[in-house]
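Heads up: the structure comes next, in structure tokens.
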Amino acid sequence: MNRIGRRIYHFFSSRLFFGIVLGFFVFEALWFVFSAVYPMAFDEDFHFGLIKLYSHYWLPFFGHQPPDADQFGAVFRDPSYLYHYLMSFPYRFIALFVHSETMQVISLRLLNVAMFTGALLLYRKLLFGLKASKALAHVALAIFILIPIVSQLAAHINYDNLFIVLMPLLCMSAFSLIRGFKKQQVNALALLAFVILTMILALVKYPGLPIILAAMLFLAVYVTLAFEGRFGRLIRRMVLGFKIANRRVMALLVVVLIVVFGLFAQRYGVNLARYHNPVPDCGAVMTVKQCSAYSPWYRDYVYTHGKSETFHASPLRYMWLWLWGMWHRLFFAVNGPLSNYTNYDQLPMPGLVAVLLAASLGTVLLWWRRIFRGDALAAFCMTVAAGYITVLWLNGYADYSRVGEPIAINGRYLLPVLPLMAVPLGRGIKFSLQRLKIERSKPFLALIALLLLLHGGGVFTFILRSDDSWYWPNKTVQKVNNTARKMLAPVTTGGKYR
């Protein structure tokens, strides 16, 4: 058994295994790109519509609401716009040569797949920076890409894909700062990069704000402890850091900082000054009639005005709804608006693995002293993840209290921070297995988890749960998916859904 375990471990550590993981992810995502009819469920028509809107402007600044844009909300004050503006440039180029909307959508989907693939490479580098073994890093990413909505999201035209690229970059810039602080030094280039990335993250998607807050609070506490509260020394080391930094790189970063700060101030700064809120509600910016064209706002408006006077928001009830909803919407299958967002339940085996991994988070609490002692980088990642998830829950509960319905409980919101928890979780499981004197079972447990996830997880959930209404209206596409479903259903637990 020891020899077999070592062979499994070395295989998980190999570049071959990571190549298989990356290759399988690309296969999954491309299956969605060329199979799933536009628009897919995660607001793909919304994002594509905004990209087309921005393609008519060279600059992203609007003095007022653009014509025919009410369906996208208060566009001229929405701070989550940078993805759409940037993606408008490849769209402009594509539209010069490709006039079919289907081919334009497929082209932009492919760009999003490339983005997400790059994010996986960055997360791998991030996990290595956390001193994760190659086996742990590769297995963690393998589990990640077998979550059904991961490859589906990657194949979407959706700002989450750029957000997910930026997360490991932000963390790695923070790592450079933390390593410098530990030696009572300040890495000036890393500091500039960190500040730039925080603003870009928030301009891609405003939920980046709690991530930024958690990251900045952690760094503020850590630098205070590292310099023992001697802020005069901190300032001197910061000045020294700028003096010894590469001048050309620093000049480039300063130019980028000025540009990004201007973009950030134009949305968040003006919003704060004018509406006293960095992300003002559509109703505070435009009329009810205008905002009613924006379906998420109108849904909340209807719920709020139809809420029973006897409704009482229970945190415990909402916690259950939130946990169940997040689990379900990480592993379910969902079609787009053309079939009224048809939902099908998750497959049993992948769903079971998710429950066991979630329960394993208890090992992080059990062994937190050993996990985080002397490891500021792992503590930073867990702080960012915990802070983001906490604010996500609080924001959801506030919406639940306001409208009387559980809204915006989407598993995809967790994806940017899930890989950040891989190292603390891996260590917690390791210490628990050591305590039970079964540490040698680690490779086998990892292998079992991957096999269970493959038993209906990833793109297989989509194949098994979908029908012709989910596919492009193309006979070849429909035939390939139907054939794949007929082959998979008899050998997959819960696969015969109909």
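Chain labels run A, B, ... following the order of the structure tokens; each chain numbers its residues from 1, and ligands are numbered from 1 in the order shown.
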Would you mind listing what lies within 7 Å of Leu347 in chain A as a ChimeraX atom specification, with only C-alpha atoms counted and same-chain residues fewer than 6 positions away left out?
-> /A:456,461,494
Could you jot down the CA of Asn335 in chain A to CA of Ala41 in chain A separation for me, Å, one decimal place?
-> 5.6 Å
If we count only C-alpha atoms, what is near range 385-400 of chain A at a cut-off of 6 Å, once residues fewer than 5 positions away on the same chain are taken out, given as a list in words?
-> Pro210, Ile211, Ala214, Glu405, Pro406 and Val417 of chain A
If we count only C-alpha atoms and set the cut-off at 10 Å, which residues sit around Lys131 in chain A, ignoring sequence neighbours fewer than 3 positions away in its own chain? Please answer as a short mmCIF file (atom, residue, chain, number, x, y, z; two decimals) with N, CA and C atoms, in the first residue's frame.
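For reference, selection-v6.cif as written:
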data_model
loop_
_atom_site.label_atom_id
_atom_site.label_comp_id
_atom_site.auth_asym_id
_atom_site.auth_seq_id
_atom_site.Cartn_x
_atom_site.Cartn_y
_atom_site.Cartn_z
N LYS A 125 0.55 29.10 -9.35
CA LYS A 125 1.71 29.84 -8.86
C LYS A 125 1.45 30.39 -7.46
N LEU A 126 0.23 30.83 -7.23
CA LEU A 126 -0.14 31.33 -5.90
C LEU A 126 -0.02 30.24 -4.85
N LEU A 127 -0.50 29.04 -5.15
CA LEU A 127 -0.44 27.94 -4.20
C LEU A 127 1.01 27.54 -3.93
N PHE A 128 1.84 27.59 -4.95
CA PHE A 128 3.27 27.33 -4.73
C PHE A 128 3.87 28.40 -3.83
N LYS A 134 3.38 20.24 -4.73
CA LYS A 134 2.83 20.17 -6.08
C LYS A 134 1.58 19.29 -6.10
N LEU A 136 -0.63 18.79 -3.66
CA LEU A 136 -1.77 19.51 -3.09
C LEU A 136 -2.28 20.56 -4.07
N ALA A 137 -1.38 21.33 -4.67
CA ALA A 137 -1.79 22.37 -5.62
C ALA A 137 -2.54 21.77 -6.80
N ASP A 375 3.00 31.68 9.42
CA ASP A 375 2.71 31.69 7.99
C ASP A 375 1.72 32.81 7.69
N LEU A 377 1.33 34.39 4.95
CA LEU A 377 0.74 34.33 3.62
C LEU A 377 -0.56 33.52 3.65
N ALA A 378 -0.52 32.37 4.32
CA ALA A 378 -1.74 31.56 4.44
C ALA A 378 -2.79 32.31 5.24
N VAL A 423 -4.78 25.58 0.78
CA VAL A 423 -3.63 25.24 1.64
C VAL A 423 -4.05 25.10 3.10
#
Using only C-alpha atoms, which of A:Leu169, A:Gly49, A:Pro416, A:Ser35 sits nearest Lys475 in chain A?
->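 For Lys475 in chain A, the nearest of the given residues is A:Ser35.
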What lies within 12 Å of Asn474 in chain A using only C-alpha atoms, ignoring chain neighbours under 3 positions off, as a VMD selection string?
-> chain A and resid 34 to 37 102 468 to 471 477 to 481
May I have the residues from that selection written out with C-alpha atoms, as a short mmCIF file (atom, residue, chain, number, x, y, z; two decimals), in the first residue's frame?
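Listing of selection_29.cif after writing:
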data_model
loop_
_atom_site.label_atom_id
_atom_site.label_comp_id
_atom_site.auth_asym_id
_atom_site.auth_seq_id
_atom_site.Cartn_x
_atom_site.Cartn_y
_atom_site.Cartn_z
CA PHE A 34 -19.86 25.11 -28.81
CA SER A 35 -22.88 23.40 -27.20
CA ALA A 36 -24.77 25.87 -24.99
CA VAL A 37 -27.13 28.22 -26.80
CA THR A 102 -23.56 33.51 -33.02
CA ASP A 468 -32.07 20.00 -27.12
CA SER A 469 -33.47 23.31 -25.85
CA TRP A 470 -30.12 23.95 -24.11
CA TYR A 471 -28.04 23.63 -27.29
CA VAL A 477 -24.28 19.78 -31.74
CA GLN A 478 -27.55 18.19 -30.64
CA LYS A 479 -26.52 14.75 -31.87
CA VAL A 480 -23.13 14.86 -30.11
CA ASN A 481 -24.69 15.92 -26.79
#
Residues of range 47-116 of chain A that have any atom at most 10 Å from an atom of range 144-167 of chain A: could you tabulate them with the shortest-distance atom pair and the distance in Å to one decimal, using only C-alpha atoms, ordered by chain and increasing number, as a Markdown table?
| residue | atom | partner | partner_atom | distance |
| --- | --- | --- | --- | --- |
| A:His47 | CA | A:Asn158 | CA | 5.9 |
| A:Phe48 | CA | A:Ile157 | CA | 6.5 |
| A:Ile51 | CA | A:Ile157 | CA | 9.4 |
| A:Ser80 | CA | A:Tyr159 | CA | 8.6 |
| A:Tyr81 | CA | A:Tyr159 | CA | 8.7 |
| A:Leu82 | CA | A:Tyr159 | CA | 8.6 |
| A:Tyr83 | CA | A:Tyr159 | CA | 5.6 |
| A:His84 | CA | A:Tyr159 | CA | 7.4 |
| A:Met87 | CA | A:Ile157 | CA | 9.4 |
| A:Val105 | CA | A:Ile157 | CA | 7.7 |
| A:Ile106 | CA | A:Ala155 | CA | 8.9 |
| A:Ser107 | CA | A:Ile157 | CA | 9.7 |
| A:Leu108 | CA | A:Ile157 | CA | 6.4 |
| A:Arg109 | CA | A:Ala155 | CA | 5.3 |
| A:Leu110 | CA | A:Ala155 | CA | 6.9 |
| A:Leu111 | CA | A:Ile157 | CA | 8.6 |
| A:Asn112 | CA | A:Ala154 | CA | 6.0 |
| A:Val113 | CA | A:Ala154 | CA | 5.1 |
| A:Ala114 | CA | A:Ala154 | CA | 8.5 |
| A:Met115 | CA | A:Asn161 | CA | 6.5 |
| A:Phe116 | CA | A:Ala154 | CA | 5.8 |
Just the residues within 12 Å of Val285 in chain A, please, counting only C-alpha atoms, with nothing from its chain fewer than 5 positions along; format it as a PyMOL selection string.
-> chain A and resi 64-65+70+73-78+271+274-277+279-280+290-291
Nearest to Gly129 in chain A, chosen from A:Arg179, A:Arg92, A:Arg369, A:Arg248, with only C-alpha atoms counted in the distances = A:Arg179
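Using only C-alpha atoms for every distance, the candidate list A:Ala333, A:Ala193, A:Leu450, A:Ala376 yields A:Leu450 as the residue closest to Leu141 in chain A.
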So which residues touch Thr117 in chain A within 8 Å, counting only C-alpha atoms, skipping near sequence neighbours fewer than 6 positions away, as JSON, numbers by chain?
-> {"A": [22, 25, 26]}
Now that the selection is made, can you save its residues with N, CA, C and O atoms as an mmCIF file, in the first residue's frame?
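part_39.cif, freshly written:
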data_model
loop_
_atom_site.group_PDB
_atom_site.id
_atom_site.type_symbol
_atom_site.label_atom_id
_atom_site.label_comp_id
_atom_site.auth_asym_id
_atom_site.auth_seq_id
_atom_site.Cartn_x
_atom_site.Cartn_y
_atom_site.Cartn_z
ATOM 1 N N LEU A 22 -5.394 20.731 -16.756
ATOM 2 C CA LEU A 22 -5.589 21.909 -17.597
ATOM 3 C C LEU A 22 -6.276 21.535 -18.912
ATOM 4 O O LEU A 22 -7.194 22.225 -19.367
ATOM 5 N N PHE A 25 -9.937 20.783 -18.317
ATOM 6 C CA PHE A 25 -10.695 22.019 -18.115
ATOM 7 C C PHE A 25 -10.999 22.697 -19.449
ATOM 8 O O PHE A 25 -12.133 23.138 -19.689
ATOM 9 N N VAL A 26 -10.003 22.802 -20.314
ATOM 10 C CA VAL A 26 -10.219 23.436 -21.623
ATOM 11 C C VAL A 26 -11.259 22.651 -22.425
ATOM 12 O O VAL A 26 -12.140 23.232 -23.067
#
